[in-house]
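The data block below is start.cif; it holds mmCIF, C-alpha atoms and all ligand atoms.
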```cif
data_upload
loop_
_atom_site.label_atom_id
_atom_site.label_comp_id
_atom_site.auth_asym_id
_atom_site.auth_seq_id
_atom_site.Cartn_x
_atom_site.Cartn_y
_atom_site.Cartn_z
CA MET A 1 73.35 11.99 -42.42
CA ASN A 2 74.73 13.39 -45.64
CA ALA A 3 75.06 17.15 -45.79
CA ILE A 4 74.69 17.16 -49.56
CA GLU A 5 73.05 14.60 -51.78
CA THR A 6 72.32 15.12 -55.43
CA GLU A 7 70.61 12.72 -57.74
CA LYS A 8 71.00 13.12 -61.48
CA LEU A 9 71.05 16.87 -60.96
CA GLY A 10 71.27 18.72 -64.26
CA LYS A 11 71.00 22.16 -65.80
CA GLU A 12 70.52 23.11 -69.41
CA HIS A 13 70.58 26.72 -70.52
CA ARG A 14 68.90 28.00 -73.64
CA THR A 15 70.87 30.74 -75.32
CA GLY A 16 70.78 32.96 -78.33
CA PHE A 17 68.10 33.60 -80.91
CA TRP A 18 67.72 29.88 -81.72
CA ARG A 19 67.48 29.01 -78.02
CA LYS A 20 70.35 26.59 -78.49
CA ARG A 21 70.76 24.18 -75.57
CA VAL A 22 73.89 24.46 -73.45
CA CYS A 23 74.36 21.70 -70.94
CA ALA A 24 76.06 23.28 -67.93
CA LEU A 25 75.65 20.29 -65.64
CA SER A 26 74.75 16.74 -66.47
CA GLN A 27 73.39 13.97 -64.25
CA LEU A 28 75.34 14.89 -61.13
CA ASP A 29 75.34 12.19 -58.45
CA LEU A 30 77.23 13.51 -55.47
CA THR A 31 77.26 12.86 -51.75
CA VAL A 32 79.08 14.84 -49.12
CA ALA A 33 78.98 13.44 -45.60
CA GLU A 34 78.41 15.72 -42.65
CA GLY A 35 81.70 17.00 -41.21
CA GLU A 36 83.57 16.52 -44.44
CA VAL A 37 85.57 19.08 -46.40
CA PHE A 38 84.85 18.47 -50.06
CA GLY A 39 86.76 20.12 -52.89
CA TYR A 40 84.88 20.60 -56.11
CA LEU A 41 87.49 20.83 -58.81
CA GLY A 42 87.19 21.66 -62.43
CA PRO A 43 88.57 23.89 -65.16
CA ASN A 44 86.83 27.09 -66.27
CA GLY A 45 83.35 26.49 -67.55
CA ALA A 46 83.12 23.02 -65.99
CA GLY A 47 79.86 23.77 -64.20
CA LYS A 48 81.05 24.45 -60.65
CA THR A 49 79.21 27.74 -60.19
CA THR A 50 76.13 26.22 -61.82
CA THR A 51 76.17 23.42 -59.25
CA LEU A 52 76.49 25.82 -56.33
CA LYS A 53 73.71 28.03 -57.68
CA LEU A 54 71.46 25.00 -58.06
CA LEU A 55 72.18 23.93 -54.49
CA MET A 56 71.46 27.44 -53.24
CA GLY A 57 68.20 27.60 -55.16
CA LEU A 58 69.44 30.49 -57.33
CA LEU A 59 68.90 28.38 -60.45
CA ARG A 60 66.21 25.79 -61.08
CA PRO A 61 67.40 22.37 -62.14
CA THR A 62 66.19 21.11 -65.50
CA SER A 63 66.53 17.55 -64.24
CA GLY A 64 67.19 15.59 -61.09
CA ASP A 65 67.02 16.63 -57.49
CA ALA A 66 69.11 17.38 -54.42
CA ARG A 67 68.87 17.48 -50.64
CA LEU A 68 70.85 19.68 -48.26
CA LEU A 69 71.06 18.68 -44.60
CA GLY A 70 68.43 16.06 -45.32
CA ARG A 71 65.91 18.57 -46.65
CA PRO A 72 64.72 19.36 -50.16
CA LEU A 73 66.18 22.32 -52.08
CA GLY A 74 64.74 25.65 -51.08
CA ASP A 75 63.75 24.48 -47.58
CA VAL A 76 63.89 27.48 -45.27
CA ARG A 77 64.96 25.56 -42.16
CA ALA A 78 67.92 24.10 -44.05
CA LYS A 79 68.83 27.50 -45.52
CA GLN A 80 69.17 29.03 -42.06
CA GLN A 81 71.98 26.56 -41.41
CA ILE A 82 73.83 27.18 -44.66
CA GLY A 83 76.44 29.82 -45.44
CA PHE A 84 77.21 30.78 -49.03
CA LEU A 85 80.03 32.66 -50.70
CA PRO A 86 79.13 33.50 -54.31
CA GLU A 87 81.74 33.56 -57.05
CA GLN A 88 81.93 37.33 -57.41
CA PRO A 89 80.34 38.76 -54.33
CA SER A 90 79.03 42.24 -54.96
CA PHE A 91 77.86 44.33 -52.07
CA TYR A 92 76.27 47.68 -51.55
CA ASP A 93 79.58 49.36 -51.85
CA TYR A 94 78.71 52.66 -50.23
CA LEU A 95 78.35 50.82 -46.92
CA THR A 96 81.27 50.13 -44.64
CA GLY A 97 82.26 46.53 -44.01
CA ARG A 98 80.79 46.71 -40.53
CA GLU A 99 77.48 48.14 -41.77
CA LEU A 100 77.20 45.42 -44.38
CA LEU A 101 77.92 42.58 -41.97
CA ASP A 102 75.55 44.10 -39.44
CA PHE A 103 72.87 44.27 -42.13
CA PHE A 104 73.39 40.60 -43.06
CA GLY A 105 73.30 39.75 -39.38
CA GLN A 106 69.88 41.36 -39.13
CA LEU A 107 68.70 39.42 -42.18
CA VAL A 108 69.59 36.14 -40.53
CA GLY A 109 67.89 37.26 -37.32
CA LEU A 110 70.81 37.84 -34.95
CA ASP A 111 70.21 40.25 -32.09
CA ARG A 112 72.41 43.31 -31.66
CA SER A 113 74.91 41.90 -29.16
CA LEU A 114 75.32 38.63 -31.05
CA ARG A 115 75.84 40.58 -34.28
CA ARG A 116 78.52 42.70 -32.69
CA GLU A 117 80.27 39.67 -31.23
CA ARG A 118 80.21 37.65 -34.46
CA VAL A 119 81.30 40.57 -36.64
CA GLU A 120 84.25 41.25 -34.33
CA ARG A 121 85.26 37.60 -34.19
CA LEU A 122 85.01 37.01 -37.94
CA ALA A 123 86.76 40.27 -38.79
CA ARG A 124 89.59 39.20 -36.51
CA GLN A 125 89.77 35.70 -37.96
CA LEU A 126 89.71 36.99 -41.53
CA ARG A 127 92.00 39.91 -40.75
CA ILE A 128 89.74 42.69 -41.97
CA GLU A 129 89.41 44.34 -38.56
CA SER A 130 91.14 47.52 -39.69
CA ALA A 131 88.89 47.71 -42.77
CA LEU A 132 85.59 47.43 -40.92
CA GLU A 133 85.01 51.18 -40.88
CA LEU A 134 86.07 51.60 -44.53
CA GLN A 135 83.56 51.90 -47.36
CA ILE A 136 83.44 48.70 -49.36
CA ARG A 137 84.15 50.47 -52.63
CA LYS A 138 87.62 51.17 -51.24
CA TYR A 139 88.31 47.50 -50.55
CA SER A 140 90.94 45.59 -52.50
CA LYS A 141 89.95 42.34 -54.22
CA GLY A 142 91.38 40.24 -51.42
CA MET A 143 89.59 42.32 -48.77
CA LEU A 144 86.30 41.87 -50.63
CA GLN A 145 86.85 38.12 -50.70
CA ARG A 146 87.48 38.10 -46.95
CA LEU A 147 84.39 40.20 -46.34
CA GLY A 148 82.42 37.70 -48.43
CA LEU A 149 83.75 34.87 -46.28
CA ALA A 150 82.79 36.71 -43.10
CA GLN A 151 79.30 37.19 -44.53
CA ALA A 152 79.06 33.47 -45.37
CA LEU A 153 79.93 32.50 -41.80
CA LEU A 154 77.81 35.06 -40.00
CA ASN A 155 74.89 32.73 -39.32
CA ASP A 156 77.19 30.12 -37.72
CA PRO A 157 76.33 27.66 -40.52
CA ARG A 158 76.40 23.88 -40.29
CA LEU A 159 77.06 23.65 -44.00
CA VAL A 160 79.22 26.13 -45.89
CA LEU A 161 79.15 26.41 -49.68
CA LEU A 162 81.98 28.47 -51.11
CA ASP A 163 82.55 29.29 -54.76
CA GLU A 164 86.31 29.74 -55.21
CA PRO A 165 87.07 31.04 -51.72
CA MET A 166 90.78 31.45 -52.47
CA SER A 167 90.39 33.49 -55.64
CA GLY A 168 91.88 36.95 -55.50
CA LEU A 169 93.97 36.15 -52.43
CA ASP A 170 97.73 36.35 -52.15
CA PRO A 171 99.71 33.29 -50.97
CA LEU A 172 99.39 34.30 -47.32
CA GLY A 173 95.67 34.88 -47.77
CA ARG A 174 95.28 31.47 -49.40
CA ARG A 175 96.95 29.85 -46.44
CA GLU A 176 94.73 31.74 -44.04
CA VAL A 177 91.64 30.55 -45.88
CA ARG A 178 92.99 26.99 -45.84
CA ASP A 179 93.46 27.29 -42.09
CA LEU A 180 89.97 28.71 -41.78
CA LEU A 181 88.52 25.74 -43.66
CA LEU A 182 90.40 23.37 -41.37
CA ARG A 183 89.05 25.20 -38.35
CA LEU A 184 85.51 24.95 -39.69
CA LYS A 185 86.07 21.24 -40.11
CA SER A 186 87.42 20.85 -36.59
CA GLU A 187 84.23 22.53 -35.38
CA GLY A 188 82.29 19.76 -37.11
CA ARG A 189 80.93 21.83 -39.98
CA THR A 190 80.67 20.62 -43.53
CA VAL A 191 82.49 22.59 -46.18
CA PHE A 192 81.90 22.28 -49.92
CA PHE A 193 84.05 24.55 -52.02
CA SER A 194 85.00 24.90 -55.65
CA SER A 195 88.44 25.60 -57.01
CA HIS A 196 90.65 24.93 -59.98
CA ILE A 197 93.89 25.10 -58.04
CA ILE A 198 95.32 21.84 -56.73
CA PRO A 199 97.45 22.96 -53.78
CA ASP A 200 94.39 24.74 -52.44
CA VAL A 201 92.44 21.54 -52.22
CA GLU A 202 94.92 18.80 -51.53
CA VAL A 203 95.87 19.94 -48.05
CA VAL A 204 92.40 20.48 -46.66
CA CYS A 205 90.02 18.14 -48.45
CA ASP A 206 88.83 14.77 -47.26
CA ARG A 207 87.50 14.11 -50.71
CA VAL A 208 87.33 15.83 -54.04
CA GLY A 209 85.09 15.62 -57.05
CA ILE A 210 86.43 16.44 -60.48
CA LEU A 211 84.04 18.10 -62.85
CA VAL A 212 84.82 18.45 -66.53
CA GLY A 213 82.41 19.70 -69.15
CA GLY A 214 79.44 19.42 -66.78
CA ARG A 215 80.20 15.82 -65.85
CA LEU A 216 81.65 14.46 -62.64
CA VAL A 217 84.50 12.32 -63.92
CA ALA A 218 85.91 11.21 -60.58
CA GLN A 219 85.12 11.39 -56.89
CA GLY A 220 87.22 10.28 -53.92
CA PRO A 221 90.36 11.19 -51.99
CA LEU A 222 92.59 13.21 -54.33
CA ASP A 223 95.68 11.06 -53.90
CA GLU A 224 93.69 7.95 -54.76
CA ILE A 225 92.29 9.57 -57.86
CA LEU A 226 95.70 10.64 -59.06
CA LEU A 227 97.63 7.64 -57.75
CA ALA A 228 95.44 5.36 -59.79
CA ARG A 229 96.87 7.01 -62.87
CA ILE A 230 100.59 6.56 -63.19
CA ALA A 231 101.54 8.39 -66.35
CA SER A 232 104.99 6.82 -66.73
CA ILE A 233 107.89 5.34 -64.79
CA GLU A 234 111.40 6.74 -64.99
CA VAL A 235 114.44 4.55 -64.43
CA THR A 236 117.85 6.06 -63.80
CA ALA A 237 120.70 3.69 -64.69
CA SER A 238 124.39 3.81 -65.52
CA GLN A 239 126.93 1.49 -67.14
CA VAL A 240 124.35 0.41 -69.67
CA PRO A 241 126.23 -1.43 -72.44
CA PRO A 242 125.47 0.44 -75.69
CA GLU A 243 124.86 -2.84 -77.53
CA ILE A 244 121.70 -3.60 -75.51
CA MET A 245 120.10 -0.25 -76.27
CA GLY A 246 118.50 -1.60 -79.42
CA GLU A 247 116.72 -4.32 -77.43
CA LEU A 248 115.34 -1.79 -74.95
CA ASP A 249 113.85 0.45 -77.60
CA HIS A 250 110.44 -1.19 -77.77
CA LEU A 251 109.97 -0.79 -73.98
CA LEU A 252 110.58 2.94 -73.89
CA VAL A 253 108.03 5.68 -74.40
CA THR A 254 110.60 8.42 -75.03
CA ARG A 255 114.17 8.48 -76.29
CA PRO A 256 116.78 7.77 -73.60
CA VAL A 257 118.18 10.93 -72.06
CA SER A 258 121.78 10.99 -70.84
CA ARG A 259 122.70 13.00 -67.80
CA GLY A 260 126.43 12.78 -67.36
CA GLU A 261 127.21 9.15 -66.59
CA GLN A 262 123.57 8.34 -66.07
CA LEU A 263 120.86 7.37 -68.45
CA LEU A 264 117.21 8.19 -67.99
CA LEU A 265 114.86 5.57 -69.37
CA THR A 266 111.10 6.04 -69.35
CA VAL A 267 108.57 3.23 -69.63
CA ARG A 268 104.79 3.36 -69.66
CA ASP A 269 103.79 0.73 -67.10
CA GLU A 270 104.90 -1.88 -64.60
CA GLY A 271 105.04 -4.67 -67.17
CA ALA A 272 107.54 -2.75 -69.24
CA LEU A 273 109.38 -1.77 -66.05
CA ALA A 274 109.83 -5.40 -65.01
CA GLU A 275 111.23 -6.29 -68.42
CA LEU A 276 113.53 -3.27 -68.51
CA VAL A 277 114.92 -3.97 -65.04
CA ALA A 278 115.49 -7.62 -65.93
CA ARG A 279 117.44 -6.59 -69.05
CA LEU A 280 119.50 -4.05 -67.14
CA VAL A 281 120.37 -6.52 -64.39
CA GLU A 282 121.29 -9.14 -66.97
CA ALA A 283 123.61 -6.65 -68.67
CA LYS A 284 125.14 -5.75 -65.28
CA ALA A 285 124.07 -2.12 -65.51
CA ALA A 286 123.60 -0.18 -62.28
CA ILE A 287 120.11 1.02 -61.38
CA HIS A 288 119.98 4.16 -59.26
CA ALA A 289 116.33 5.08 -59.09
CA ILE A 290 112.88 4.07 -60.18
CA LEU A 291 110.42 6.92 -60.11
CA PRO A 292 106.74 6.64 -60.98
CA HIS A 293 105.25 9.83 -62.39
CA ARG A 294 101.78 10.54 -61.16
CA GLU A 295 99.60 12.39 -63.52
CA SER A 296 99.13 15.97 -62.38
CA LEU A 297 95.68 17.35 -62.00
CA GLU A 298 96.35 19.61 -64.97
CA GLU A 299 97.21 16.62 -67.14
CA TYR A 300 94.15 14.87 -65.81
CA PHE A 301 91.95 17.81 -66.76
CA LEU A 302 93.50 18.05 -70.19
CA ARG A 303 92.93 14.37 -70.83
CA HIS A 304 89.27 14.75 -69.93
CA VAL A 305 88.45 18.08 -71.50
CA GLU A 306 86.65 17.66 -74.75
CA PRO A 307 86.61 20.58 -77.11
CA ARG A 308 83.32 22.29 -76.43
CA GLU A 309 81.40 24.69 -78.51
CA VAL A 310 81.17 28.04 -76.83
N1 LIG B 401 72.94 31.85 -67.90
C1 LIG B 401 73.63 31.08 -68.73
N2 LIG B 401 73.24 30.94 -70.02
C2 LIG B 401 73.93 30.15 -70.86
N3 LIG B 401 75.00 29.43 -70.51
C3 LIG B 401 75.43 29.51 -69.26
C4 LIG B 401 74.77 30.34 -68.29
N4 LIG B 401 75.42 30.22 -67.10
C5 LIG B 401 76.43 29.37 -67.33
N5 LIG B 401 76.44 28.94 -68.61
C6 LIG B 401 77.40 27.96 -69.22
O1 LIG B 401 77.46 26.83 -68.40
C7 LIG B 401 78.81 26.30 -68.37
C8 LIG B 401 79.25 26.15 -66.93
O2 LIG B 401 79.44 27.44 -66.34
P1 LIG B 401 79.88 27.64 -64.82
O3 LIG B 401 79.83 29.09 -64.55
O4 LIG B 401 79.05 26.76 -63.97
O5 LIG B 401 81.38 27.11 -64.84
P2 LIG B 401 82.49 27.13 -63.68
O6 LIG B 401 82.97 25.72 -63.50
O7 LIG B 401 82.00 27.86 -62.50
O8 LIG B 401 83.68 27.95 -64.39
P3 LIG B 401 84.75 29.01 -63.75
O9 LIG B 401 85.89 28.20 -63.20
O10 LIG B 401 85.18 29.79 -64.95
O11 LIG B 401 84.04 29.83 -62.73
C9 LIG B 401 79.64 27.24 -69.21
O12 LIG B 401 79.78 26.68 -70.49
C10 LIG B 401 78.80 28.51 -69.26
O13 LIG B 401 79.03 29.21 -70.44
MG MG B 402 82.59 29.48 -61.50
#
```
Translate this structure into structure tokens?
Ligand SMILES: Nc1ncnc2c1ncn2[C@@H]1O[C@H](COP(=O)(O)OP(=O)(O)OP(=O)(O)O)[C@@H](O)[C@H]1O
Ligand SMILES: [Mg+2]
Amino acid sequence: MNAIETEKLGKEHRTGFWRKRVCALSQLDLTVAEGEVFGYLGPNGAGKTTTLKLLMGLLRPTSGDARLLGRPLGDVRAKQQIGFLPEQPSFYDYLTGRELLDFFGQLVGLDRSLRRERVERLARQLRIESALELQIRKYSKGMLQRLGLAQALLNDPRLVLLDEPMSGLDPLGRREVRDLLLRLKSEGRTVFFSSHIIPDVEVVCDRVGILVGGRLVAQGPLDEILLARIASIEVTASQVPPEIMGELDHLLVTRPVSRGEQLLLTVRDEGALAELVARLVEAKAAIHAILPHRESLEEYFLRHVEPREV
């Protein structure tokens, strides 16, 4: 069974005096299999939070439909098995961390001993044990984020939806959250989380979806998505006779760069590479390295981002 299935899911907002339409999400077709960790990537304003809010029933779609754990949106039985971390969790900040988690535990119907056990375990895993008795208004940003994660996992969810779980965390905290996601996966849970930071997703995700301007522009394993797009190929050579440089010109995408004895030649694709190598071999130049340059996710975003009216 798929944990998440959306079909042409879309959301338009109406804003301002003229009720101008803003399309936050357009025709989203997405499937996330059960047990998968799925990274939902996109630059600011791409529509990630909108998607998560739609899935959680916090916003009503203007088009399309979705199913979570095989059930329609808003289904109470499905909701009991879903954990959610909102983008900017805000809590009753006069409570202590323990009081808040205990309160959430009551909301999801856990009895007292189970609440105590889960709160202790999650606080330990998320390293907020020492902050449990502290009022939430005294929490740092990272501590709040960890508390939010503990809250999202309190009902032992089968499906976890997290909106930027690594935001506000220091490098160690990011790694801890990555490890946490991997542990959730090893326990057979499904994790769907949004982010705009590549290293956060590439280590833990089975698959990613890339959202730009409300549209899903790619979906699949990250390395496949990026591998499919070789931006350029760099050839390092030496002893290139100066008289053949003129003939190579039309193959190169940038001017040759000399590094000591060596010359760096950049071509756009494999066709040009084959021709360049043939010429170099013919001229008895030495070839030291051939290095394809994968497009980075940033470059990928930039290529897909259309200027949008704000
Ligand atoms: N209530 C609203 N009314 C009007 N426009 C909205 C509303 N909520 C969101 N939008 C617009 O929808 C688009 C998508 O916003 P969303 O918050 O989903 O992006 P995001 O991918 O989560 O971005 P970020 O990485 O900054 O969190 C943006 O252009 C935003 O301005
Ligand atoms: Mg967001």
Fill in: Distance of CA of Leu162 (chain A) from CA of Lys185 (chain A), expressed in Å to one decimal place
13.8 Å
Worksheet item: Pick from A:Asp102, A:Glu87, A:Glu12, A:Asp269: nearest to ligand MG 402 (chain B), with all atoms listed in the file counted?
Response: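 Between A:Asp102, A:Glu87, A:Glu12, A:Asp269, the residue approaching ligand MG 402 (chain B) most closely is A:Glu87.
Using all atoms listed in the file, the shortest contact distance between ligand MG 402 (chain B) and any of A:Phe17, A:Phe301, A:Tyr40, A:Tyr92 is found at A:Tyr40.
Minimum atom-to-atom distances from A:Leu169, A:Leu149, A:Leu291, A:Val160 to Leu52 (chain A) were compared using only C-alpha atoms, and the lowest value belongs to A:Val160.
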Discussion item. Give me, as number ranges by chain, the set of residues whose atoms come within 12 Å of any atom of ligand LIG 401 (chain B), counting only C-alpha atoms and all ligand atoms.
Written reply: A: 10-16, 19-26, 40-54, 58-60, 86-88, 162-165, 167, 193-197, 210-216, 307-310
